[in-house]
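Novice: File follows, input_9.cif with mmCIF, C-alpha atoms:
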```
data_coords
loop_
_atom_site.label_atom_id
_atom_site.label_comp_id
_atom_site.auth_asym_id
_atom_site.auth_seq_id
_atom_site.Cartn_x
_atom_site.Cartn_y
_atom_site.Cartn_z
CA MET A 1439 -12.47 -1.48 -24.02
CA ILE A 1440 -9.98 -0.69 -21.27
CA LYS A 1441 -11.41 -0.12 -17.80
CA ALA A 1442 -14.03 2.58 -17.83
CA ARG A 1443 -12.80 4.35 -14.73
CA TYR A 1444 -9.77 5.56 -16.72
CA LEU A 1445 -11.46 6.37 -19.99
CA THR A 1446 -14.81 7.97 -19.22
CA SER A 1447 -15.63 11.46 -18.03
CA ILE A 1448 -18.41 12.36 -15.61
CA ALA A 1449 -19.96 15.71 -16.44
CA ALA A 1450 -21.01 17.00 -13.05
CA VAL A 1451 -19.80 19.79 -10.78
CA ALA A 1452 -18.21 18.76 -7.49
CA THR A 1453 -18.15 20.52 -4.19
CA VAL A 1454 -14.98 20.00 -2.19
CA ALA A 1455 -15.95 20.27 1.44
CA GLY A 1456 -12.40 20.83 2.57
CA LEU A 1457 -9.66 18.99 4.38
CA SER A 1458 -9.82 17.24 7.72
CA PHE A 1459 -6.81 15.59 9.27
CA ALA A 1460 -8.48 14.59 12.51
CA PRO A 1461 -8.82 10.81 13.00
CA THR A 1462 -12.21 9.44 11.91
CA ALA A 1463 -13.03 6.56 14.24
CA GLN A 1464 -16.09 5.47 12.28
CA ALA A 1465 -13.94 4.75 9.24
CA GLN A 1466 -11.55 2.31 10.92
CA ILE A 1467 -10.71 -0.74 8.86
CA ARG A 1468 -11.39 -4.26 10.13
CA PHE A 1469 -8.98 -7.06 9.21
CA GLU A 1470 -9.83 -10.69 8.55
CA ILE A 1471 -6.78 -12.94 8.13
CA THR A 1472 -6.63 -16.34 6.46
CA GLY A 1473 -3.64 -18.49 5.60
CA VAL A 1474 -0.07 -18.56 6.90
CA GLY A 1475 3.37 -18.59 5.36
CA ALA A 1476 5.12 -21.73 4.15
CA THR A 1477 7.12 -21.69 7.39
CA GLN A 1478 6.33 -19.78 10.56
CA ILE A 1479 8.81 -18.47 13.09
CA PRO A 1480 7.72 -19.24 16.67
CA ILE A 1481 8.15 -16.10 18.78
CA ALA A 1482 7.11 -15.04 22.27
CA ILE A 1483 6.31 -11.41 23.03
CA ALA A 1484 6.61 -10.88 26.78
CA ALA A 1485 4.45 -8.17 28.33
CA PHE A 1486 6.40 -4.92 28.69
CA PRO A 1487 6.42 -3.86 32.38
CA GLY A 1488 4.92 -0.39 32.73
CA GLU A 1489 2.86 -0.49 29.53
CA GLU A 1490 -0.33 -0.47 31.60
CA SER A 1491 0.46 3.19 32.36
CA ALA A 1492 0.33 4.08 28.67
CA PRO A 1493 -2.88 4.73 26.70
CA GLN A 1494 -1.78 2.13 24.15
CA GLN A 1495 -0.60 -1.37 25.02
CA ILE A 1496 2.58 -1.72 22.98
CA THR A 1497 2.71 -5.50 22.98
CA SER A 1498 -0.86 -5.83 21.67
CA VAL A 1499 0.06 -3.82 18.58
CA ILE A 1500 3.28 -5.79 18.06
CA LYS A 1501 1.46 -9.12 18.33
CA ALA A 1502 -1.29 -8.00 15.93
CA ASP A 1503 1.30 -6.86 13.38
CA LEU A 1504 3.26 -10.10 13.50
CA ALA A 1505 0.12 -12.27 13.38
CA ARG A 1506 -1.22 -10.35 10.40
CA SER A 1507 1.94 -11.02 8.40
CA GLY A 1508 1.39 -14.78 8.46
CA VAL A 1509 5.13 -15.25 9.00
CA PHE A 1510 5.11 -15.72 12.78
CA LYS A 1511 3.57 -18.18 15.22
CA LEU A 1512 2.90 -16.41 18.49
CA ILE A 1513 3.74 -18.48 21.55
CA ASP A 1514 1.24 -17.92 24.35
CA ASN A 1515 2.75 -16.64 27.58
CA SER A 1516 1.69 -14.50 30.51
CA ASP A 1517 5.18 -13.43 31.57
CA ALA A 1518 6.18 -9.82 32.03
CA LEU A 1519 9.90 -9.45 31.36
CA SER A 1520 11.83 -6.20 31.42
CA ASP A 1521 14.44 -5.34 28.83
CA SER A 1522 16.97 -5.61 31.67
CA SER A 1523 15.86 -9.09 32.78
CA ALA A 1524 18.15 -12.09 32.37
CA VAL A 1525 16.86 -14.50 29.75
CA ASN A 1526 16.66 -18.25 30.38
CA TYR A 1527 17.11 -19.41 26.77
CA GLY A 1528 16.52 -23.07 27.53
CA ASP A 1529 13.21 -22.37 29.24
CA TRP A 1530 11.91 -20.39 26.25
CA GLN A 1531 13.04 -23.12 23.87
CA LYS A 1532 11.04 -25.64 25.88
CA ARG A 1533 8.00 -23.42 25.44
CA GLY A 1534 8.53 -23.61 21.68
CA ALA A 1535 9.85 -20.09 21.10
CA ASN A 1536 12.76 -19.64 18.71
CA ALA A 1537 12.75 -15.90 19.41
CA LEU A 1538 11.78 -13.72 22.35
CA ALA A 1539 10.99 -10.01 22.52
CA VAL A 1540 11.07 -8.18 25.86
CA GLY A 1541 10.82 -4.54 26.79
CA SER A 1542 9.64 -1.84 29.15
CA VAL A 1543 7.56 1.33 29.15
CA ALA A 1544 8.08 4.27 31.53
CA ARG A 1545 6.41 7.66 31.60
CA LEU A 1546 8.88 10.55 31.53
CA ALA A 1547 8.57 13.87 33.36
CA ASP A 1548 7.82 15.72 30.10
CA GLY A 1549 4.84 13.46 29.33
CA ARG A 1550 6.62 11.29 26.78
CA PHE A 1551 7.11 7.55 27.19
CA ASP A 1552 10.46 5.80 27.30
CA VAL A 1553 9.97 2.55 25.36
CA ARG A 1554 12.77 0.00 25.30
CA TYR A 1555 12.94 -3.37 23.60
CA ARG A 1556 15.33 -6.26 23.03
CA LEU A 1557 15.08 -9.27 20.74
CA PHE A 1558 16.73 -12.62 21.42
CA ASP A 1559 17.45 -15.74 19.41
CA THR A 1560 16.74 -18.52 21.91
CA VAL A 1561 18.23 -21.22 19.67
CA GLN A 1562 21.59 -19.46 19.33
CA SER A 1563 21.33 -17.96 22.85
CA SER A 1564 22.15 -14.52 21.51
CA GLN A 1565 20.77 -10.99 21.41
CA LEU A 1566 19.67 -9.85 17.94
CA SER A 1567 18.57 -6.28 18.56
CA ALA A 1568 18.05 -3.53 21.13
CA LEU A 1569 16.17 -0.26 20.55
CA SER A 1570 14.87 2.60 22.66
CA PHE A 1571 12.36 5.33 21.83
CA GLY A 1572 11.30 8.56 23.49
CA SER A 1573 7.72 8.53 22.22
CA GLN A 1574 4.97 11.07 22.52
CA GLN A 1575 1.62 9.64 23.57
CA GLN A 1576 0.06 9.96 20.12
CA LEU A 1577 3.01 8.14 18.54
CA LEU A 1578 2.95 5.02 20.73
CA ARG A 1579 1.28 2.96 18.01
CA LEU A 1580 3.98 4.04 15.55
CA THR A 1581 6.62 3.03 18.09
CA ALA A 1582 5.02 -0.40 18.39
CA HIS A 1583 4.91 -0.72 14.58
CA LYS A 1584 8.63 0.15 14.40
CA ILE A 1585 9.43 -2.55 16.94
CA ALA A 1586 7.41 -5.04 14.90
CA ASP A 1587 9.29 -3.90 11.79
CA ASP A 1588 12.59 -4.54 13.55
CA ILE A 1589 11.49 -8.01 14.64
CA TYR A 1590 10.36 -8.84 11.11
CA GLN A 1591 13.64 -7.69 9.56
CA LYS A 1592 15.94 -9.29 12.12
CA LEU A 1593 14.22 -12.68 11.81
CA THR A 1594 13.51 -12.74 8.06
CA GLY A 1595 16.16 -10.45 6.57
CA ILE A 1596 13.38 -8.46 4.85
CA PRO A 1597 12.24 -4.96 5.91
CA GLY A 1598 8.95 -4.87 7.79
CA ILE A 1599 6.07 -2.74 6.53
CA PHE A 1600 4.02 -2.28 9.71
CA SER A 1601 4.97 1.40 10.11
CA THR A 1602 4.02 2.25 6.52
CA ARG A 1603 0.76 3.91 5.48
CA ILE A 1604 -1.92 3.20 2.93
CA SER A 1605 -4.28 5.44 0.99
CA TYR A 1606 -7.65 4.60 -0.54
CA VAL A 1607 -10.98 6.10 -1.55
CA THR A 1608 -14.21 5.52 0.37
CA LYS A 1609 -17.73 6.29 -0.80
CA SER A 1610 -20.55 6.79 1.66
CA GLY A 1611 -23.85 8.06 0.30
CA GLY A 1612 -22.95 10.81 -2.16
CA GLU A 1613 -19.61 11.66 -0.56
CA TYR A 1614 -16.19 10.48 -1.74
CA ARG A 1615 -13.22 10.65 0.63
CA LEU A 1616 -9.53 10.27 -0.01
CA GLU A 1617 -8.27 8.72 3.20
CA VAL A 1618 -4.88 7.88 4.67
CA ALA A 1619 -4.34 5.27 7.38
CA ASP A 1620 -1.64 3.23 9.06
CA ALA A 1621 -0.94 -0.12 7.40
CA ASP A 1622 -3.12 -1.84 10.03
CA GLY A 1623 -6.08 0.42 9.20
CA GLU A 1624 -5.82 2.53 12.35
CA GLY A 1625 -5.24 6.28 12.55
CA THR A 1626 -7.52 7.11 9.62
CA GLN A 1627 -7.30 10.68 8.34
CA VAL A 1628 -9.37 12.34 5.61
CA ALA A 1629 -7.20 14.17 3.10
CA LEU A 1630 -10.04 15.24 0.80
CA ARG A 1631 -13.84 15.17 0.68
CA SER A 1632 -15.80 15.59 -2.55
CA ASN A 1633 -19.27 15.10 -3.97
CA GLU A 1634 -17.69 13.79 -7.17
CA PRO A 1635 -15.50 10.73 -7.76
CA ILE A 1636 -11.88 10.60 -6.62
CA ILE A 1637 -9.76 7.91 -8.29
CA SER A 1638 -6.20 6.69 -8.84
CA PRO A 1639 -4.36 7.88 -5.70
CA ALA A 1640 -0.59 7.45 -5.88
CA TRP A 1641 1.96 8.09 -3.12
CA SER A 1642 5.03 10.23 -3.75
CA PRO A 1643 8.31 8.39 -3.08
CA ASP A 1644 8.98 10.45 0.07
CA GLY A 1645 5.52 9.74 1.50
CA THR A 1646 4.57 13.41 1.92
CA LYS A 1647 2.16 13.72 -1.02
CA VAL A 1648 -0.57 11.83 -2.81
CA ALA A 1649 -1.43 12.43 -6.46
CA TYR A 1650 -4.99 11.61 -7.50
CA VAL A 1651 -7.72 12.31 -10.05
CA SER A 1652 -10.78 14.37 -9.15
CA PHE A 1653 -13.89 15.02 -11.25
CA GLU A 1654 -14.85 18.26 -9.52
CA MET A 1655 -14.15 20.36 -12.66
CA LYS A 1656 -16.65 18.38 -14.74
CA LYS A 1657 -13.86 16.16 -16.07
CA PRO A 1658 -10.91 14.17 -14.67
CA VAL A 1659 -8.06 16.41 -13.51
CA VAL A 1660 -4.81 15.33 -11.83
CA TYR A 1661 -4.04 16.93 -8.46
CA ILE A 1662 -1.31 16.57 -5.84
CA GLN A 1663 -2.30 16.71 -2.17
CA ASN A 1664 0.52 17.66 0.22
CA LEU A 1665 -0.15 15.76 3.44
CA VAL A 1666 2.24 17.93 5.45
CA THR A 1667 1.19 21.45 4.42
CA ARG A 1668 -2.38 20.37 3.54
CA GLN A 1669 -2.10 22.31 0.29
CA ARG A 1670 -3.01 20.87 -3.08
CA SER A 1671 -2.09 21.81 -6.62
CA ILE A 1672 -3.20 20.96 -10.14
CA VAL A 1673 -0.67 18.99 -12.17
CA ALA A 1674 -2.61 18.18 -15.33
CA ASN A 1675 -5.74 20.00 -16.50
CA PHE A 1676 -5.47 19.81 -20.26
CA LYS A 1677 -8.23 19.50 -22.83
CA GLY A 1678 -10.16 16.28 -22.37
CA SER A 1679 -9.31 13.60 -19.81
CA ASN A 1680 -6.35 13.76 -17.41
CA SER A 1681 -5.85 10.54 -15.48
CA ALA A 1682 -3.77 7.69 -14.02
CA PRO A 1683 -0.86 9.55 -12.33
CA SER A 1684 2.29 7.62 -11.41
CA TRP A 1685 5.36 9.09 -9.69
CA SER A 1686 8.91 8.73 -10.93
CA PRO A 1687 11.22 7.12 -8.34
CA ASP A 1688 12.89 10.46 -7.57
CA GLY A 1689 9.56 12.26 -7.15
CA SER A 1690 10.35 14.91 -9.75
CA ARG A 1691 7.92 13.78 -12.45
CA LEU A 1692 4.66 11.96 -13.04
CA ALA A 1693 3.51 9.77 -15.87
CA VAL A 1694 -0.10 10.49 -16.81
CA ALA A 1695 -2.68 9.45 -19.41
CA LEU A 1696 -4.12 12.36 -21.41
CA THR A 1697 -6.56 12.78 -24.30
CA ARG A 1698 -5.41 16.33 -25.17
CA ASP A 1699 -4.28 15.27 -28.66
CA GLY A 1700 -7.08 12.80 -29.39
CA LEU A 1701 -7.00 9.23 -28.10
CA THR A 1702 -5.65 8.47 -24.63
CA GLN A 1703 -1.83 8.44 -24.70
CA VAL A 1704 0.97 8.35 -22.12
CA TYR A 1705 2.78 11.57 -21.20
CA VAL A 1706 5.43 12.58 -18.68
CA ILE A 1707 5.11 15.86 -16.77
CA ASN A 1708 7.06 17.57 -14.01
CA ALA A 1709 5.49 17.47 -10.56
CA ASP A 1710 4.88 21.23 -10.73
CA GLY A 1711 2.88 20.85 -13.95
CA SER A 1712 5.60 22.03 -16.32
CA GLY A 1713 7.58 20.25 -19.02
CA LEU A 1714 4.82 18.10 -20.55
CA ARG A 1715 6.23 15.49 -22.94
CA ARG A 1716 4.34 12.89 -24.97
CA LEU A 1717 5.75 9.38 -24.65
CA THR A 1718 3.52 7.17 -26.80
CA ASN A 1719 1.99 7.87 -30.18
CA THR A 1720 -0.39 5.20 -31.45
CA SER A 1721 -3.79 4.94 -33.05
CA GLY A 1722 -5.06 3.00 -30.04
CA ILE A 1723 -5.50 3.70 -26.34
CA ASP A 1724 -2.41 3.83 -24.10
CA THR A 1725 -3.13 4.34 -20.41
CA GLU A 1726 -2.34 3.36 -16.79
CA PRO A 1727 1.39 4.26 -16.93
CA GLN A 1728 3.70 3.09 -14.14
CA PHE A 1729 7.37 3.93 -13.71
CA SER A 1730 9.77 1.05 -13.24
CA PRO A 1731 11.67 1.12 -9.91
CA ASP A 1732 14.86 2.30 -11.61
CA GLY A 1733 13.01 5.07 -13.46
CA GLY A 1734 14.29 3.91 -16.83
CA SER A 1735 11.05 2.49 -18.20
CA ILE A 1736 7.31 2.95 -18.04
CA TYR A 1737 4.84 0.09 -18.08
CA PHE A 1738 1.37 0.84 -19.46
CA THR A 1739 -1.83 -0.71 -20.76
CA SER A 1740 -2.56 -0.54 -24.50
CA ASP A 1741 -5.10 -2.02 -26.91
CA ARG A 1742 -2.71 -1.64 -29.87
CA SER A 1743 -2.72 -5.43 -30.36
CA GLY A 1744 -6.52 -5.68 -30.23
CA GLY A 1745 -7.47 -6.32 -26.62
CA PRO A 1746 -5.76 -4.54 -23.72
CA GLN A 1747 -2.29 -5.85 -22.87
CA ILE A 1748 0.65 -4.53 -20.86
CA TYR A 1749 3.64 -2.97 -22.59
CA LYS A 1750 6.94 -1.43 -21.57
CA VAL A 1751 8.68 1.58 -23.12
CA GLY A 1752 11.84 3.50 -22.28
CA VAL A 1753 11.32 6.74 -20.37
CA ASP A 1754 12.68 8.63 -23.39
CA GLY A 1755 10.29 6.87 -25.78
CA GLY A 1756 11.06 4.47 -28.59
CA ASN A 1757 9.55 1.13 -29.49
CA ALA A 1758 7.34 -0.45 -26.85
CA GLN A 1759 7.73 -4.10 -25.90
CA ARG A 1760 4.76 -6.28 -25.08
CA VAL A 1761 5.00 -7.86 -21.61
CA THR A 1762 1.82 -9.93 -21.12
CA PHE A 1763 0.82 -12.69 -23.53
CA ASN A 1764 -1.46 -15.04 -21.57
CA GLY A 1765 -5.12 -14.09 -21.74
CA SER A 1766 -6.82 -11.55 -23.97
CA TYR A 1767 -7.42 -8.82 -21.36
CA ASN A 1768 -4.62 -7.67 -19.04
CA ILE A 1769 -4.61 -4.25 -17.36
CA SER A 1770 -3.37 -2.20 -14.37
CA PRO A 1771 0.37 -2.97 -14.33
CA ARG A 1772 2.29 -2.59 -11.07
CA VAL A 1773 5.96 -3.49 -10.71
CA SER A 1774 7.53 -4.85 -7.51
CA PRO A 1775 10.20 -2.69 -5.82
CA ASP A 1776 12.95 -5.04 -7.03
CA GLY A 1777 11.64 -4.84 -10.61
CA LYS A 1778 11.28 -8.62 -10.93
CA THR A 1779 7.53 -9.14 -10.56
CA LEU A 1780 4.63 -7.60 -12.46
CA ALA A 1781 1.23 -7.54 -10.75
CA PHE A 1782 -1.78 -6.95 -12.96
CA ILE A 1783 -5.49 -7.61 -13.36
CA SER A 1784 -6.53 -10.19 -15.94
CA ARG A 1785 -10.01 -11.07 -17.20
CA ARG A 1786 -10.33 -14.80 -17.73
CA ASP A 1787 -13.54 -16.83 -17.87
CA GLY A 1788 -15.42 -13.59 -17.15
CA LEU A 1789 -13.57 -12.96 -13.86
CA PHE A 1790 -11.30 -9.99 -13.12
CA GLN A 1791 -8.53 -11.35 -10.88
CA LEU A 1792 -5.07 -10.47 -9.63
CA TYR A 1793 -2.09 -12.17 -11.28
CA ALA A 1794 1.66 -11.97 -10.73
CA LEU A 1795 4.20 -12.48 -13.52
CA ASP A 1796 7.78 -13.39 -12.66
CA MET A 1797 9.60 -11.36 -15.30
CA THR A 1798 12.83 -13.34 -14.81
CA ASN A 1799 11.34 -16.66 -15.97
CA GLY A 1800 7.90 -15.85 -17.40
CA GLN A 1801 6.03 -17.87 -14.77
CA GLU A 1802 2.57 -16.59 -13.89
CA GLN A 1803 0.46 -17.10 -10.75
CA ARG A 1804 -3.13 -16.18 -9.92
CA LEU A 1805 -3.24 -14.56 -6.49
CA SER A 1806 -6.91 -13.70 -5.97
CA ASP A 1807 -10.19 -15.54 -6.22
CA GLY A 1808 -12.66 -12.67 -6.60
CA SER A 1809 -14.69 -11.73 -9.64
CA ARG A 1810 -14.14 -7.97 -9.83
CA ASP A 1811 -10.66 -7.34 -8.46
CA GLN A 1812 -8.78 -4.18 -9.41
CA SER A 1813 -6.10 -1.60 -8.51
CA PRO A 1814 -3.15 -3.68 -7.25
CA SER A 1815 -0.41 -2.01 -5.19
CA PHE A 1816 2.82 -3.53 -3.86
CA ALA A 1817 3.94 -3.12 -0.26
CA PRO A 1818 7.31 -1.35 -0.18
CA ASN A 1819 9.11 -4.58 0.79
CA GLY A 1820 7.60 -6.32 -2.25
CA LYS A 1821 6.18 -9.23 -0.25
CA TYR A 1822 2.49 -8.24 -0.20
CA ILE A 1823 0.02 -6.80 -2.70
CA MET A 1824 -3.06 -4.79 -1.77
CA TYR A 1825 -5.97 -4.60 -4.20
CA ALA A 1826 -9.64 -3.65 -4.38
CA THR A 1827 -12.33 -6.32 -4.44
CA GLU A 1828 -15.93 -6.83 -3.33
CA SER A 1829 -17.42 -8.28 -0.17
CA GLY A 1830 -21.18 -8.69 -0.03
CA ARG A 1831 -21.62 -6.33 -3.00
CA ARG A 1832 -19.63 -3.66 -1.19
CA GLY A 1833 -16.20 -2.44 -2.15
CA SER A 1834 -13.48 -3.73 0.15
CA LEU A 1835 -9.72 -4.13 0.13
CA ALA A 1836 -7.63 -7.27 0.25
CA VAL A 1837 -3.98 -8.07 0.84
CA VAL A 1838 -2.23 -11.18 -0.42
CA SER A 1839 1.37 -12.31 -0.01
CA THR A 1840 3.22 -12.64 -3.30
CA ASP A 1841 3.36 -16.43 -2.83
CA GLY A 1842 -0.43 -16.48 -2.45
CA ARG A 1843 -0.39 -18.13 0.99
CA VAL A 1844 -1.39 -15.26 3.29
CA LYS A 1845 -4.64 -13.41 2.60
CA GLN A 1846 -6.31 -10.53 4.39
CA ARG A 1847 -9.68 -8.85 3.86
CA LEU A 1848 -10.12 -5.22 4.88
CA THR A 1849 -13.60 -3.78 5.33
CA THR A 1850 -15.06 -0.62 6.79
CA GLN A 1851 -18.49 0.29 8.07
CA ALA A 1852 -18.13 3.71 6.43
CA GLY A 1853 -19.17 2.45 2.97
CA ASP A 1854 -17.46 1.24 -0.17
CA ILE A 1855 -13.68 1.29 -0.10
CA ARG A 1856 -11.64 1.24 -3.32
CA GLU A 1857 -8.50 2.43 -5.10
CA PRO A 1858 -5.83 1.34 -2.59
CA THR A 1859 -2.23 2.40 -2.82
CA TRP A 1860 0.55 1.41 -0.43
CA GLY A 1861 2.82 4.18 0.79
CA PRO A 1862 6.63 4.02 0.87
CA PHE A 1863 8.87 3.27 3.82
CA MET A 1864 8.80 6.17 6.28
CA LYS A 1865 12.03 8.15 6.37
#
```
Take the structure in the file and write it out as structure tokens.
Specialist:
Amino acid sequence: MIKARYLTSIAAVATVAGLSFAPTAQAQIRFEITGVGATQIPIAIAAFPGEESAPQQITSVIKADLARSGVFKLIDNSDALSDSSAVNYGDWQKRGANALAVGSVARLADGRFDVRYRLFDTVQSSQLSALSFGSQQQLLRLTAHKIADDIYQKLTGIPGIFSTRISYVTKSGGEYRLEVADADGEGTQVALRSNEPIISPAWSPDGTKVAYVSFEMKKPVVYIQNLVTRQRSIVANFKGSNSAPSWSPDGSRLAVALTRDGLTQVYVINADGSGLRRLTNTSGIDTEPQFSPDGGSIYFTSDRSGGPQIYKVGVDGGNAQRVTFNGSYNISPRVSPDGKTLAFISRRDGLFQLYALDMTNGQEQRLSDGSRDQSPSFAPNGKYIMYATESGRRGSLAVVSTDGRVKQRLTTQAGDIREPTWGPFMK
């Protein structure tokens, strides 16, 4: 049987307590990092003169971001260098730094902070980047994340994901919360509270909405929560179960799994709830649909071959192609932003673990070592995957690089934490 959280209905009435977008300090996520990349870039982050006047130390956030990625080796230094200071490239090379970031922070008359930063290649004795920000006090962390993103991209050629957001579900006592946080677990906000389960959150491509499934109407119903207006709407409330929403790349439609015509099948529906169209038509169970990055196909889980496997079908229907062949139980497909890698959960030797399939050559790699892993989600740069796991019999989140080298464990004191989904790049 395919995962119960998508196929069962809980017959109980929920009470939605309302929305709260104030930060919830008690729900902050704690990171534990193990492993590093195959190669690390040695970089020094000089203290930004003037940052002591700000409520948030910019360089601390930048250093934490870079360390968490596993890609950088931070060179210890106690120097404070302004963005206007002359750089002695040879001296920094002797200290072991191949790159150097400097900057400054100054409070402006209107209460904002002028944050400036420059990045240097000490090996080539050249400047790689220079940015300036007029940042409000509450956005200083975001400014630091954007600087870390710039460093990551300039030195690796790959976009950074430190200024992105994540969403997940926490359970504490009898309360379920749909929460949104920065990628480092800070700035937690509660988008929805309920006395009944919330599952399957999915970010819209523009990062302004989250689709999810709530059981507050005595059955699973698909909703969209607008994080800007704080309004929510029902997308799918048909007879039976409505579950597993996935956004199309242009944000105009969702793929969903419905039982309105009998067994669970895959449908496509407009984001406003109109234009329902059935996509699969089998005598088995088809569920967990996911749009491909180009919007031309939908990956889904089906038991049409006996045990659950992952299939792919054109967005206009037609014959489905089987994608996974190793193992007898493969579920929860997620496709990397470049469309080349499939992440999924496979049950082998009684363990539910995260696997990645290179769809260009058919090579497969196990990325997790838990026993009950679930709900994978790619970072928008395709280099990391977040998933749900367990830590001490409590639900927690984990992040692993797609090469399996860098691993992170995310826990919270607020209770169980599940159902992660990584938001898109901020526009």
Novice: For Asp1620 of chain A, which residue out of A:Leu1577, A:Tyr1749, A:Thr1560, A:Val1694 is the nearest one, using only C-alpha atoms?
Specialist: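 With only C-alpha atoms as the atom set, the closest residue is A:Leu1577.
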Novice: Just say which residues the PyMOL selection byres ((chain A and resi 1821) around 12) picks in this file, as a PyMOL selection string.
Specialist: chain A and resi 1475+1507-1509+1594+1596-1599+1773-1776+1778-1779+1781+1794+1815-1820+1822-1824+1837-1845
Novice: Can you write out the residues you just picked, keeping C-alpha atoms, as a PDB file, in the coordinates of the input?
Specialist:
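Saved to result.pdb:
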```pdb
ATOM      1  CA  GLY A1475       3.370 -18.590   5.360  1.00  0.00           C
ATOM      2  CA  SER A1507       1.940 -11.020   8.400  1.00  0.00           C
ATOM      3  CA  GLY A1508       1.390 -14.780   8.460  1.00  0.00           C
ATOM      4  CA  VAL A1509       5.130 -15.250   9.000  1.00  0.00           C
ATOM      5  CA  THR A1594      13.510 -12.740   8.060  1.00  0.00           C
ATOM      6  CA  ILE A1596      13.380  -8.460   4.850  1.00  0.00           C
ATOM      7  CA  PRO A1597      12.240  -4.960   5.910  1.00  0.00           C
ATOM      8  CA  GLY A1598       8.950  -4.870   7.790  1.00  0.00           C
ATOM      9  CA  ILE A1599       6.070  -2.740   6.530  1.00  0.00           C
ATOM     10  CA  VAL A1773       5.960  -3.490 -10.710  1.00  0.00           C
ATOM     11  CA  SER A1774       7.530  -4.850  -7.510  1.00  0.00           C
ATOM     12  CA  PRO A1775      10.200  -2.690  -5.820  1.00  0.00           C
ATOM     13  CA  ASP A1776      12.950  -5.040  -7.030  1.00  0.00           C
ATOM     14  CA  LYS A1778      11.280  -8.620 -10.930  1.00  0.00           C
ATOM     15  CA  THR A1779       7.530  -9.140 -10.560  1.00  0.00           C
ATOM     16  CA  ALA A1781       1.230  -7.540 -10.750  1.00  0.00           C
ATOM     17  CA  ALA A1794       1.660 -11.970 -10.730  1.00  0.00           C
ATOM     18  CA  SER A1815      -0.410  -2.010  -5.190  1.00  0.00           C
ATOM     19  CA  PHE A1816       2.820  -3.530  -3.860  1.00  0.00           C
ATOM     20  CA  ALA A1817       3.940  -3.120  -0.260  1.00  0.00           C
ATOM     21  CA  PRO A1818       7.310  -1.350  -0.180  1.00  0.00           C
ATOM     22  CA  ASN A1819       9.110  -4.580   0.790  1.00  0.00           C
ATOM     23  CA  GLY A1820       7.600  -6.320  -2.250  1.00  0.00           C
ATOM     24  CA  TYR A1822       2.490  -8.240  -0.200  1.00  0.00           C
ATOM     25  CA  ILE A1823       0.020  -6.800  -2.700  1.00  0.00           C
ATOM     26  CA  MET A1824      -3.060  -4.790  -1.770  1.00  0.00           C
ATOM     27  CA  VAL A1837      -3.980  -8.070   0.840  1.00  0.00           C
ATOM     28  CA  VAL A1838      -2.230 -11.180  -0.420  1.00  0.00           C
ATOM     29  CA  SER A1839       1.370 -12.310  -0.010  1.00  0.00           C
ATOM     30  CA  THR A1840       3.220 -12.640  -3.300  1.00  0.00           C
ATOM     31  CA  ASP A1841       3.360 -16.430  -2.830  1.00  0.00           C
ATOM     32  CA  GLY A1842      -0.430 -16.480  -2.450  1.00  0.00           C
ATOM     33  CA  ARG A1843      -0.390 -18.130   0.990  1.00  0.00           C
ATOM     34  CA  VAL A1844      -1.390 -15.260   3.290  1.00  0.00           C
ATOM     35  CA  LYS A1845      -4.640 -13.410   2.600  1.00  0.00           C
TER      36      LYS A1845
END
```
Novice: Go through A:Arg1615, A:Lys1647, A:Ser1766, A:Glu1654 and flag the residue nearest Gln1669 of chain A, using only C-alpha atoms for the distances.
Specialist: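 When distances to Gln1669 of chain A are compared using only C-alpha atoms, the smallest one comes from A:Lys1647.
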Novice: Measuring atom to atom with only C-alpha atoms, identify which of A:Ser1809, A:Ser1721, A:Ser1605, A:Asn1633 is nearest to Thr1646 of chain A.
Specialist: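 So, comparing all the options, the nearest one is A:Ser1605.
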Novice: Could you list as a ChimeraX atom specification every residue that has an atom within 10 Å of (14.8, -10.9, 26.2), using the file's coordinates and counting all atoms listed in the file?
Specialist: /A:1482-1484,1519-1527,1530,1537-1541,1555-1560,1564-1568
Novice: When distances are computed from only C-alpha atoms, which of A:Ala1547, A:Thr1827, A:Leu1512, A:Ser1740 shows the smallest separation from Ile1500 of chain A?
Specialist: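 Result for the nearest residue to Ile1500 of chain A: A:Leu1512.
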Novice: May I have the residues within 12 Å of Ala1693 of chain A as JSON, numbers by chain, using all atoms listed in the file and disregarding those fewer than 6 positions away in the same chain?
Specialist: {"A": [1640, 1649, 1660, 1673, 1674, 1680, 1681, 1682, 1683, 1684, 1685, 1686, 1687, 1703, 1704, 1705, 1706, 1707, 1708, 1709, 1711, 1713, 1714, 1715, 1716, 1717, 1718, 1724, 1725, 1726, 1727, 1728, 1729, 1730, 1733, 1735, 1736, 1737, 1738, 1753, 1754]}
Novice: From the set A:Gly1700, A:Gly1777, A:Pro1771, A:Gly1678, which residue has the shortest atom-to-atom contact distance to Asp1732 of chain A, counting all atoms listed in the file?
Specialist: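 Distance minimum relative to Asp1732 of chain A lands on A:Gly1777.
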Novice: Let me know the residues the PyMOL selection byres ((chain A and resi 1810) around 7) catches in the file above, as a PyMOL selection string.
Specialist: chain A and resi 1789-1791+1808-1809+1811-1812+1827-1828
Novice: Residues as selected, C-alpha atoms, written as a tab-separated table (two decimals), keeping the file's coordinate frame, can you do that?
Specialist:
```tsv
chain	number	residue	atom	x	y	z
A	1789	LEU	CA	-13.57	-12.96	-13.86
A	1790	PHE	CA	-11.30	-9.99	-13.12
A	1791	GLN	CA	-8.53	-11.35	-10.88
A	1808	GLY	CA	-12.66	-12.67	-6.60
A	1809	SER	CA	-14.69	-11.73	-9.64
A	1811	ASP	CA	-10.66	-7.34	-8.46
A	1812	GLN	CA	-8.78	-4.18	-9.41
A	1827	THR	CA	-12.33	-6.32	-4.44
A	1828	GLU	CA	-15.93	-6.83	-3.33
```
